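S.K.: You'll find run_7.pdb just under this line, and it carries PDB, C-alpha atoms.
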ATOM      1  CA  MET A 287     101.387  69.238  78.891
ATOM      2  CA  THR A 288     102.064  69.625  82.574
ATOM      3  CA  VAL A 289      99.806  71.920  84.477
ATOM      4  CA  VAL A 290     100.375  72.602  88.122
ATOM      5  CA  ASP A 291      97.124  72.594  89.983
ATOM      6  CA  LEU A 292      97.700  75.572  92.184
ATOM      7  CA  SER A 293      94.711  74.791  94.329
ATOM      8  CA  ASN A 294      96.663  71.817  95.639
ATOM      9  CA  ASN A 295      99.770  73.801  96.341
ATOM     10  CA  GLU A 296      98.912  74.743  99.884
ATOM     11  CA  GLY A 297     101.085  73.543 102.675
ATOM     12  CA  ALA A 298     103.676  70.982 101.758
ATOM     13  CA  ASN A 299     106.749  71.749  99.775
ATOM     14  CA  ILE A 300     105.792  70.753  96.296
ATOM     15  CA  GLU A 301     108.494  68.759  94.571
ATOM     16  CA  SER A 302     106.656  68.888  91.298
ATOM     17  CA  PRO A 303     107.877  70.838  88.324
ATOM     18  CA  VAL A 304     110.290  73.599  89.217
ATOM     19  CA  ALA A 305     108.683  76.907  88.431
ATOM     20  CA  SER A 306     111.386  78.534  86.408
ATOM     21  CA  ALA A 307     110.048  82.016  85.905
ATOM     22  CA  VAL A 308     110.742  85.589  86.880
ATOM     23  CA  ILE A 309     108.433  88.379  87.947
ATOM     24  CA  TYR A 310     109.691  91.906  87.357
ATOM     25  CA  VAL A 311     107.838  94.310  89.616
ATOM     26  CA  CYS A 312     107.968  98.042  89.023
ATOM     27  CA  THR A 313     108.845  99.797  92.278
ATOM     28  CA  THR A 314     108.080 103.297  91.027
ATOM     29  CA  CYS A 315     104.489 102.556  90.054
ATOM     30  CA  ARG A 316     101.496 104.198  91.593
ATOM     31  CA  ARG A 317      97.859 104.248  90.695
ATOM     32  CA  PRO A 318      96.434 107.451  89.236
ATOM     33  CA  THR A 319      94.788 108.251  92.560
ATOM     34  CA  ASP A 320      97.915 107.691  94.651
ATOM     35  CA  PRO A 321     100.122 110.591  95.770
ATOM     36  CA  GLU A 322     103.552 110.977  94.214
ATOM     37  CA  ASP A 323     105.274 110.166  97.501
ATOM     38  CA  TYR A 324     107.993 107.585  97.905
ATOM     39  CA  PRO A 325     108.072 104.743  98.615
ATOM     40  CA  ARG A 326     105.496 104.086  95.952
ATOM     41  CA  PRO A 327     102.772 101.412  95.959
ATOM     42  CA  GLY A 328     104.906  99.545  93.439
ATOM     43  CA  ALA A 329     107.551  99.041  96.108
ATOM     44  CA  ALA A 330     104.896  97.561  98.390
ATOM     45  CA  LEU A 331     103.795  95.225  95.589
ATOM     46  CA  ALA A 332     107.419  94.166  95.026
ATOM     47  CA  ALA A 333     107.910  93.426  98.716
ATOM     48  CA  ALA A 334     104.651  91.486  98.913
ATOM     49  CA  THR A 335     105.556  89.515  95.791
ATOM     50  CA  ILE A 336     108.964  88.614  97.198
ATOM     51  CA  ARG A 337     107.216  87.280 100.304
ATOM     52  CA  ALA A 338     104.606  85.431  98.284
ATOM     53  CA  ALA A 339     107.293  83.813  96.124
ATOM     54  CA  GLU A 340     109.216  82.280  99.017
ATOM     55  CA  ASN A 341     109.805  78.569  98.326
ATOM     56  CA  SER A 342     107.866  78.844  95.074
ATOM     57  CA  GLY A 343     110.818  78.571  92.715
ATOM     58  CA  VAL A 344     109.797  81.886  91.195
ATOM     59  CA  THR A 345     112.334  84.712  91.089
ATOM     60  CA  VAL A 346     111.175  88.233  91.872
ATOM     61  CA  GLN A 347     113.203  91.103  90.470
ATOM     62  CA  PRO A 348     112.170  94.622  91.468
ATOM     63  CA  LEU A 349     113.074  97.308  88.989
ATOM     64  CA  ARG A 350     112.493 100.974  88.589
ATOM     65  CA  CYS A 351     110.227 101.381  85.590
ATOM     66  CA  LEU A 352     108.265  99.313  83.125
ATOM     67  CA  ALA A 353     106.928 102.443  81.398
ATOM     68  CA  ASN A 354     103.357 101.377  82.081
ATOM     69  CA  CYS A 355     103.032 104.404  84.352
ATOM     70  CA  LYS A 356      99.434 105.320  83.521
ATOM     71  CA  ARG A 357      98.227 101.829  84.317
ATOM     72  CA  GLY A 358     100.085 100.905  87.539
ATOM     73  CA  CYS A 359     100.864  98.986  89.550
ATOM     74  CA  SER A 360     102.772  96.977  86.979
ATOM     75  CA  ALA A 361     104.622  93.712  86.653
ATOM     76  CA  VAL A 362     106.069  91.505  83.931
ATOM     77  CA  LEU A 363     106.110  87.696  83.862
ATOM     78  CA  ARG A 364     108.583  85.650  81.880
ATOM     79  CA  ARG A 365     109.596  82.031  81.873
ATOM     80  CA  THR A 366     113.339  81.719  82.346
ATOM     81  CA  ASP A 367     114.238  78.172  81.404
ATOM     82  CA  PRO A 368     115.262  77.910  77.757
ATOM     83  CA  ALA A 369     113.470  74.630  77.111
ATOM     84  CA  VAL A 370     110.348  76.373  75.870
ATOM     85  CA  PRO A 371     110.594  79.821  74.260
ATOM     86  CA  SER A 372     108.353  81.955  76.393
ATOM     87  CA  TRP A 373     106.093  84.856  75.693
ATOM     88  CA  THR A 374     106.501  87.734  78.124
ATOM     89  CA  TYR A 375     103.409  89.240  79.743
ATOM     90  CA  VAL A 376     102.885  92.775  80.977
ATOM     91  CA  PHE A 377     100.244  93.406  83.623
ATOM     92  CA  GLY A 378      98.860  96.611  85.046
ATOM     93  CA  TYR A 379      96.162  97.822  87.391
ATOM     94  CA  LEU A 380      97.611  95.560  90.102
ATOM     95  CA  ASP A 381      96.659  96.037  93.733
ATOM     96  CA  PRO A 382      99.755  96.012  95.937
ATOM     97  CA  ALA A 383      97.705  94.815  98.899
ATOM     98  CA  ALA A 384      96.037  91.925  97.109
ATOM     99  CA  ASP A 385      97.683  90.755  93.905
ATOM    100  CA  ALA A 386     101.120  89.406  94.874
ATOM    101  CA  GLU A 387      99.875  85.824  95.146
ATOM    102  CA  ALA A 388      98.224  86.115  91.734
ATOM    103  CA  LEU A 389     101.548  87.113  90.201
ATOM    104  CA  VAL A 390     103.308  84.123  91.730
ATOM    105  CA  ALA A 391     100.535  81.752  90.669
ATOM    106  CA  GLY A 392     100.656  83.194  87.155
ATOM    107  CA  ALA A 393     104.416  82.768  87.006
ATOM    108  CA  GLN A 394     104.070  79.132  88.022
ATOM    109  CA  LEU A 395     101.353  78.620  85.437
ATOM    110  CA  LEU A 396     103.572  80.097  82.715
ATOM    111  CA  ALA A 397     106.565  78.061  83.869
ATOM    112  CA  SER A 398     104.562  74.862  83.559
ATOM    113  CA  SER A 399     102.973  75.617  80.190
ATOM    114  CA  ALA A 400     103.997  73.384  77.332
ATOM    115  CA  ASP A 401     103.952  76.106  74.694
ATOM    116  CA  GLY A 402     105.374  79.149  76.461
ATOM    117  CA  LEU A 403     101.975  80.817  76.510
ATOM    118  CA  LEU A 404     100.127  81.773  79.666
ATOM    119  CA  PRO A 405      96.783  79.977  79.456
ATOM    120  CA  TRP A 406      93.608  81.950  80.042
ATOM    121  CA  ARG A 407      92.010  79.074  81.848
ATOM    122  CA  GLY A 408      93.270  78.910  85.383
ATOM    123  CA  ARG A 409      94.849  82.333  85.132
ATOM    124  CA  PRO A 410      94.297  84.375  88.293
ATOM    125  CA  GLU A 411      91.663  87.053  87.825
ATOM    126  CA  PRO A 412      94.013  90.051  88.296
ATOM    127  CA  LEU A 413      96.080  88.689  85.387
ATOM    128  CA  LYS A 414      92.984  88.589  83.195
ATOM    129  CA  ARG A 415      91.614  92.048  83.848
ATOM    130  CA  GLY A 416      95.092  93.559  84.165
ATOM    131  CA  LEU A 417      96.565  92.219  80.930
ATOM    132  CA  ILE A 418      98.370  95.048  79.147
ATOM    133  CA  ALA A 419     100.394  93.317  76.446
ATOM    134  CA  ARG A 420     102.308  90.201  75.527
ATOM    135  CA  VAL A 421     105.676  90.100  73.800
ATOM    136  CA  PRO A 422     106.798  87.173  71.646
ATOM    137  CA  PRO A 423     109.848  85.016  72.350
ATOM    138  CA  PHE A 424     113.155  86.240  71.032
ATOM    139  CA  ASP A 425     113.202  84.255  67.808
ATOM    140  CA  PHE A 426     109.486  84.229  67.223
ATOM    141  CA  SER A 427     108.022  83.957  63.767
ATOM    142  CA  GLU A 428     104.339  83.602  63.050
ATOM    143  CA  GLN A 429     104.848  80.065  61.798
ATOM    144  CA  SER A 430     105.896  78.974  65.263
ATOM    145  CA  GLU A 431     102.818  80.330  66.971
TER     146      GLU A 431
ATOM    147  CA  MET B 928     118.038  79.954  65.149
ATOM    148  CA  THR B 929     120.579  82.294  63.685
ATOM    149  CA  VAL B 930     122.498  84.526  66.029
ATOM    150  CA  VAL B 931     125.177  86.822  64.727
ATOM    151  CA  ASP B 932     127.950  87.206  67.257
ATOM    152  CA  LEU B 933     128.991  90.766  66.574
ATOM    153  CA  SER B 934     131.863  90.570  69.021
ATOM    154  CA  ASN B 935     133.595  88.119  66.696
ATOM    155  CA  ASN B 936     132.706  89.974  63.564
ATOM    156  CA  GLU B 937     135.674  92.287  63.545
ATOM    157  CA  GLY B 938     136.325  93.645  60.132
ATOM    158  CA  ALA B 939     132.981  92.666  58.726
ATOM    159  CA  ASN B 940     130.145  95.145  58.568
ATOM    160  CA  ILE B 941     131.251  97.045  61.648
ATOM    161  CA  GLU B 942     131.333 100.373  59.882
ATOM    162  CA  SER B 943     127.994 100.012  58.203
ATOM    163  CA  PRO B 944     124.905 101.190  60.021
ATOM    164  CA  VAL B 945     123.482  97.712  60.466
ATOM    165  CA  ALA B 946     120.091  98.209  62.001
ATOM    166  CA  SER B 947     119.695  94.910  63.732
ATOM    167  CA  ALA B 948     116.204  95.131  65.106
ATOM    168  CA  VAL B 949     112.787  93.637  64.628
ATOM    169  CA  ILE B 950     109.353  95.222  64.610
ATOM    170  CA  TYR B 951     106.468  92.935  65.487
ATOM    171  CA  VAL B 952     103.236  94.407  64.154
ATOM    172  CA  CYS B 953      99.874  93.119  65.341
ATOM    173  CA  THR B 954      97.691  92.360  62.321
ATOM    174  CA  THR B 955      94.487  91.891  64.303
ATOM    175  CA  CYS B 956      94.572  95.318  65.927
ATOM    176  CA  ARG B 957      91.942  97.934  65.381
ATOM    177  CA  ARG B 958      91.234 101.209  67.096
ATOM    178  CA  PRO B 959      88.204 101.424  69.378
ATOM    179  CA  THR B 960      86.313 103.338  66.721
ATOM    180  CA  ASP B 961      87.100 100.886  63.895
ATOM    181  CA  PRO B 962      84.653  98.184  62.826
ATOM    182  CA  GLU B 963      85.455  94.565  63.604
ATOM    183  CA  ASP B 964      85.889  93.731  59.921
ATOM    184  CA  TYR B 965      88.882  91.965  58.478
ATOM    185  CA  PRO B 966      91.424  92.796  57.300
ATOM    186  CA  ARG B 967      92.009  94.961  60.303
ATOM    187  CA  PRO B 968      93.876  98.271  60.452
ATOM    188  CA  GLY B 969      96.712  96.338  62.070
ATOM    189  CA  ALA B 970      97.231  94.461  58.823
ATOM    190  CA  ALA B 971      97.474  97.769  56.999
ATOM    191  CA  LEU B 972     100.049  98.976  59.516
ATOM    192  CA  ALA B 973     102.040  95.771  59.043
ATOM    193  CA  ALA B 974     102.024  96.156  55.268
ATOM    194  CA  ALA B 975     103.018  99.814  55.484
ATOM    195  CA  THR B 976     105.806  98.970  57.926
ATOM    196  CA  ILE B 977     107.170  96.264  55.654
ATOM    197  CA  ARG B 978     107.283  98.820  52.847
ATOM    198  CA  ALA B 979     108.870 101.454  55.071
ATOM    199  CA  ALA B 980     111.531  98.999  56.242
ATOM    200  CA  GLU B 981     112.781  98.137  52.762
ATOM    201  CA  ASN B 982     116.576  98.480  52.640
ATOM    202  CA  SER B 983     116.624  99.684  56.240
ATOM    203  CA  GLY B 984     118.087  96.519  57.774
ATOM    204  CA  VAL B 985     115.070  96.308  60.053
ATOM    205  CA  THR B 986     113.043  93.106  60.062
ATOM    206  CA  VAL B 987     109.258  93.353  60.189
ATOM    207  CA  GLN B 988     107.364  90.378  61.558
ATOM    208  CA  PRO B 989     103.564  90.537  61.453
ATOM    209  CA  LEU B 990     101.798  88.490  64.098
ATOM    210  CA  ARG B 991      98.287  87.957  65.236
ATOM    211  CA  CYS B 992      98.034  89.456  68.699
ATOM    212  CA  LEU B 993     100.091  91.479  71.141
ATOM    213  CA  ALA B 994      97.216  91.551  73.658
ATOM    214  CA  ASN B 995      97.209  95.334  73.605
ATOM    215  CA  CYS B 996      93.766  95.188  72.033
ATOM    216  CA  LYS B 997      92.234  98.178  73.814
ATOM    217  CA  ARG B 998      95.057 100.429  72.718
ATOM    218  CA  GLY B 999      95.653  99.499  69.053
ATOM    219  CA  CYS B1000      97.163  99.652  66.596
ATOM    220  CA  SER B1001     100.099  97.969  68.289
ATOM    221  CA  ALA B1002     103.705  97.086  67.622
ATOM    222  CA  VAL B1003     106.752  95.880  69.520
ATOM    223  CA  LEU B1004     110.365  96.893  68.921
ATOM    224  CA  ARG B1005     113.336  94.805  69.894
ATOM    225  CA  ARG B1006     116.998  94.863  69.061
ATOM    226  CA  THR B1007     118.103  91.496  67.745
ATOM    227  CA  ASP B1008     121.864  91.478  67.845
ATOM    228  CA  PRO B1009     123.194  89.994  71.079
ATOM    229  CA  ALA B1010     126.029  92.472  71.523
ATOM    230  CA  VAL B1011     123.929  94.754  73.711
ATOM    231  CA  PRO B1012     121.079  93.249  75.777
ATOM    232  CA  SER B1013     118.035  95.134  74.591
ATOM    233  CA  TRP B1014     114.903  96.303  76.273
ATOM    234  CA  THR B1015     111.729  95.527  74.342
ATOM    235  CA  TYR B1016     109.199  98.312  73.749
ATOM    236  CA  VAL B1017     105.454  98.019  73.297
ATOM    237  CA  PHE B1018     103.632 100.794  71.473
ATOM    238  CA  GLY B1019      99.947 101.438  70.981
ATOM    239  CA  TYR B1020      97.620 104.049  69.546
ATOM    240  CA  LEU B1021      99.490 103.781  66.231
ATOM    241  CA  ASP B1022      97.991 105.168  63.046
ATOM    242  CA  PRO B1023      98.251 102.645  60.216
ATOM    243  CA  ALA B1024      98.226 105.432  57.652
ATOM    244  CA  ALA B1025     100.947 107.508  59.245
ATOM    245  CA  ASP B1026     103.182 105.722  61.738
ATOM    246  CA  ALA B1027     105.061 103.034  59.799
ATOM    247  CA  GLU B1028     108.078 105.271  59.211
ATOM    248  CA  ALA B1029     108.173 106.144  62.904
ATOM    249  CA  LEU B1030     108.383 102.459  63.792
ATOM    250  CA  VAL B1031     111.283 101.916  61.409
ATOM    251  CA  ALA B1032     113.085 105.014  62.657
ATOM    252  CA  GLY B1033     112.544 103.864  66.238
ATOM    253  CA  ALA B1034     113.898 100.411  65.446
ATOM    254  CA  GLN B1035     117.003 101.948  63.911
ATOM    255  CA  LEU B1036     117.427 104.204  66.943
ATOM    256  CA  LEU B1037     117.187 101.222  69.295
ATOM    257  CA  ALA B1038     119.565  99.189  67.152
ATOM    258  CA  SER B1039     122.168 101.919  67.357
ATOM    259  CA  SER B1040     121.847 102.656  71.058
ATOM    260  CA  ALA B1041     124.863 101.849  73.184
ATOM    261  CA  ASP B1042     122.891 100.641  76.198
ATOM    262  CA  GLY B1043     119.962  98.730  74.714
ATOM    263  CA  LEU B1044     117.542 101.465  75.726
ATOM    264  CA  LEU B1045     115.465 103.488  73.277
ATOM    265  CA  PRO B1046     116.418 107.101  73.942
ATOM    266  CA  TRP B1047     113.665 109.659  74.451
ATOM    267  CA  ARG B1048     115.601 112.283  72.580
ATOM    268  CA  GLY B1049     115.231 111.764  68.881
ATOM    269  CA  ARG B1050     112.445 109.260  69.335
ATOM    270  CA  PRO B1051     109.665 109.752  66.781
ATOM    271  CA  GLU B1052     106.607 111.419  68.306
ATOM    272  CA  PRO B1053     104.249 108.411  67.837
ATOM    273  CA  LEU B1054     106.680 106.347  69.924
ATOM    274  CA  LYS B1055     106.534 108.905  72.705
ATOM    275  CA  ARG B1056     102.798 109.352  72.993
ATOM    276  CA  GLY B1057     102.123 105.687  72.151
ATOM    277  CA  LEU B1058     104.478 104.127  74.682
ATOM    278  CA  ILE B1059     102.638 101.324  76.472
ATOM    279  CA  ALA B1060     105.375  99.418  78.299
ATOM    280  CA  ARG B1061     108.979  98.342  78.201
ATOM    281  CA  VAL B1062     110.276  94.892  79.083
ATOM    282  CA  PRO B1063     113.793  94.287  80.383
ATOM    283  CA  PRO B1064     116.419  92.143  78.638
ATOM    284  CA  PHE B1065     116.342  88.441  79.354
ATOM    285  CA  ASP B1066     118.956  88.379  82.096
ATOM    286  CA  PHE B1067     118.213  91.789  83.503
ATOM    287  CA  SER B1068     118.930  92.644  87.090
ATOM    288  CA  GLU B1069     118.554  96.102  88.577
ATOM    289  CA  GLN B1070     122.296  96.388  89.014
ATOM    290  CA  SER B1071     122.786  96.300  85.276
ATOM    291  CA  GLU B1072     120.380  99.119  84.590
TER     292      GLU B1072
END
Output the file's structure in the form of structure tokens.
M.R.:
Amino acid sequence: MTVVDLSNNEGANIESPVASAVIYVCTTCRRPTDPEDYPRPGAALAAATIRAAENSGVTVQPLRCLANCKRGCSAVLRRTDPAVPSWTYVFGYLDPAADAEALVAGAQLLASSADGLLPWRGRPEPLKRGLIARVPPFDFSEQSE
Amino acid sequence: MTVVDLSNNEGANIESPVASAVIYVCTTCRRPTDPEDYPRPGAALAAATIRAAENSGVTVQPLRCLANCKRGCSAVLRRTDPAVPSWTYVFGYLDPAADAEALVAGAQLLASSADGLLPWRGRPEPLKRGLIARVPPFDFSEQSE
């Protein structure tokens, strides 16, 4: 199992395992206390995540709705390389001003996992408290868990 | 892995209402008011859904956790034929005694949708009020929405 130690990722361009993962960020999300104005806090989270993902190998794909509207801001993580069938993770309650780096770190952690599961250990705190759901890989059966 | 390429299936089964979809039902789910005993209400929902799906063409796959634990009972719907890239839907707040048929009807609705999206119109009520999140198809980009 290869685990990227994110604490050592500062500075130099890491040539270690390519983080092949995507973060979908909902641009229409707002928190229950936010006004309904546009652009929404979700758009700010998407922009911050795009910046945070520069040179990380992680793809950021803004989209319009993840249907997690009551629990925004929202994002989805998925590994994209086919080598390891990946679970997909839905997160909510994200802070657009603070949680972009956590999303990128989580995507790298998922991309480097040996079993396609996002480990709890080492997972950034916003991706612990903000966990909404996980979706199995396409051809999942319980036997393969 | 078995993938049916519907685009090459001309002449075979095209006319029949093949509901090519899967329902993943969390067997460890319980509602906040339920005791922590096993078997959990999620297991009852899984069993009821398997019964409801008989002869429907819908596959039911019980699994141990969808990480939607605070909002159980939980299930995920996904179209399985590759002809139309499908969104994946997460539902919560399901009633194990009442909502199995709604899951099967929802799976059939998704399987027959032209765009891989579960329409709101015609969607069973438990899949409206219980919507937790939706996850885009594997190769989704906003342009394809």
S.K.: Residues picked by the ChimeraX specification (/B :<12) & /A here, as a PyMOL selection string?
M.R.: chain A and resi 307-313+345-358+360-368+371-378+404+414-431
S.K.: State the Cα RMSD (Å, one decimal) obtained when chain B is least-squares superposed onto chain A, all Cα atoms paired in order.
M.R.: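 That gives an RMSD of 6.5 Å.
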S.K.: Using Å and a single decimal, report how far CA of Gly1033 (chain B) sits from CA of Ala970 (chain B).
M.R.: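 The value is 19.4 Å.
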S.K.: Excluding Pro412 (chain A) and any residue of its chain fewer than 5 positions from it, enumerate the residues within 7 Å of it, using all atoms listed in the file, and give them as a list in words.
M.R.: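 The residues that qualify are Leu380, Asp385 and Ala388 of chain A.
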S.K.: Give me, please, the distance in Å between CA of Cys359 (chain A) and CA of Asp381 (chain A), quoted to one decimal.
M.R.: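 Between CA of Cys359 (chain A) and CA of Asp381 (chain A) the gap works out to 6.6 Å.
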S.K.: Residues around (103.7, 99.2, 59.3), cut-off 8 Å, counting all atoms listed in the file - what are they as a ChimeraX atom specification?
M.R.: /B:952,971-979,1023,1026-1028,1030
S.K.: Which one of A:Glu411, A:Pro318, A:Ala369, A:Ser399 sits closest to Ala384 (chain A) if you count only C-alpha atoms?
M.R.: A:Glu411
S.K.: Could you tell me how far CA of Pro327 (chain A) sits from CA of Thr314 (chain A), in Å to one decimal place?
M.R.: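 That distance, rounded to one decimal, is 7.5 Å.
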S.K.: When you look at Gln1035 (chain B) with a cut-off of 9 Å (counting all atoms listed in the file), what residues show up, excluding the ones that are within fewer than 2 positions of it in the same chain? I need them as a PyMOL selection string.
M.R.: chain B and resi 944-948+983-985+1006+1030-1033+1037-1040
S.K.: Reconstruct N, CA, C and O atoms of region 1005-1024 of chain B; output as a tab-separated table (two decimals), keeping the file's coordinate frame.
M.R.:
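Final file, selection.tsv:
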chain	number	residue	atom	x	y	z
B	1005	ARG	N	112.28	95.46	69.13
B	1005	ARG	CA	113.34	94.80	69.89
B	1005	ARG	C	114.60	94.76	69.05
B	1005	ARG	O	114.55	94.49	67.85
B	1006	ARG	N	115.69	95.04	69.68
B	1006	ARG	CA	117.00	94.86	69.06
B	1006	ARG	C	117.29	93.37	68.97
B	1006	ARG	O	116.97	92.62	69.89
B	1007	THR	N	117.91	92.93	67.90
B	1007	THR	CA	118.10	91.50	67.74
B	1007	THR	C	119.55	91.04	67.84
B	1007	THR	O	119.79	89.85	68.01
B	1008	ASP	N	120.49	91.95	67.71
B	1008	ASP	CA	121.86	91.48	67.84
B	1008	ASP	C	122.17	91.33	69.33
B	1008	ASP	O	121.70	92.09	70.16
B	1009	PRO	N	122.96	90.30	69.67
B	1009	PRO	CA	123.19	89.99	71.08
B	1009	PRO	C	124.28	90.85	71.73
B	1009	PRO	O	124.54	90.70	72.92
B	1010	ALA	N	124.90	91.72	70.96
B	1010	ALA	CA	126.03	92.47	71.52
B	1010	ALA	C	125.61	93.33	72.71
B	1010	ALA	O	126.32	93.44	73.70
B	1011	VAL	N	124.44	93.91	72.63
B	1011	VAL	CA	123.93	94.75	73.71
B	1011	VAL	C	122.55	94.22	74.12
B	1011	VAL	O	121.62	94.24	73.31
B	1012	PRO	N	122.41	93.73	75.35
B	1012	PRO	CA	121.08	93.25	75.78
B	1012	PRO	C	120.06	94.37	75.64
B	1012	PRO	O	120.28	95.49	76.13
B	1013	SER	N	118.99	94.09	74.97
B	1013	SER	CA	118.04	95.13	74.59
B	1013	SER	C	116.76	95.06	75.41
B	1013	SER	O	116.23	93.98	75.66
B	1014	TRP	N	116.26	96.20	75.79
B	1014	TRP	CA	114.90	96.30	76.27
B	1014	TRP	C	113.95	96.13	75.07
B	1014	TRP	O	114.35	96.38	73.93
B	1015	THR	N	112.76	95.69	75.37
B	1015	THR	CA	111.73	95.53	74.34
B	1015	THR	C	110.64	96.55	74.62
B	1015	THR	O	110.24	96.74	75.77
B	1016	TYR	N	110.16	97.22	73.58
B	1016	TYR	CA	109.20	98.31	73.75
B	1016	TYR	C	107.87	97.98	73.09
B	1016	TYR	O	107.84	97.52	71.94
B	1017	VAL	N	106.81	98.23	73.81
B	1017	VAL	CA	105.45	98.02	73.30
B	1017	VAL	C	104.83	99.39	73.03
B	1017	VAL	O	104.84	100.25	73.92
B	1018	PHE	N	104.29	99.54	71.83
B	1018	PHE	CA	103.63	100.79	71.47
B	1018	PHE	C	102.19	100.54	71.07
B	1018	PHE	O	101.86	99.49	70.51
B	1019	GLY	N	101.34	101.50	71.37
B	1019	GLY	CA	99.95	101.44	70.98
B	1019	GLY	C	99.51	102.74	70.36
B	1019	GLY	O	100.32	103.64	70.12
B	1020	TYR	N	98.22	102.83	70.11
B	1020	TYR	CA	97.62	104.05	69.55
B	1020	TYR	C	98.31	104.47	68.24
B	1020	TYR	O	98.41	105.66	67.94
B	1021	LEU	N	98.80	103.47	67.48
B	1021	LEU	CA	99.49	103.78	66.23
B	1021	LEU	C	98.49	103.96	65.10
B	1021	LEU	O	97.46	103.29	65.03
B	1022	ASP	N	98.83	104.87	64.20
B	1022	ASP	CA	97.99	105.17	63.05
B	1022	ASP	C	98.52	104.39	61.85
B	1022	ASP	O	99.65	104.63	61.41
B	1023	PRO	N	97.74	103.47	61.32
B	1023	PRO	CA	98.25	102.64	60.22
B	1023	PRO	C	98.58	103.46	58.97
B	1023	PRO	O	99.40	103.03	58.16
B	1024	ALA	N	97.98	104.62	58.84
B	1024	ALA	CA	98.23	105.43	57.65
B	1024	ALA	C	99.42	106.36	57.81
B	1024	ALA	O	99.87	106.96	56.83
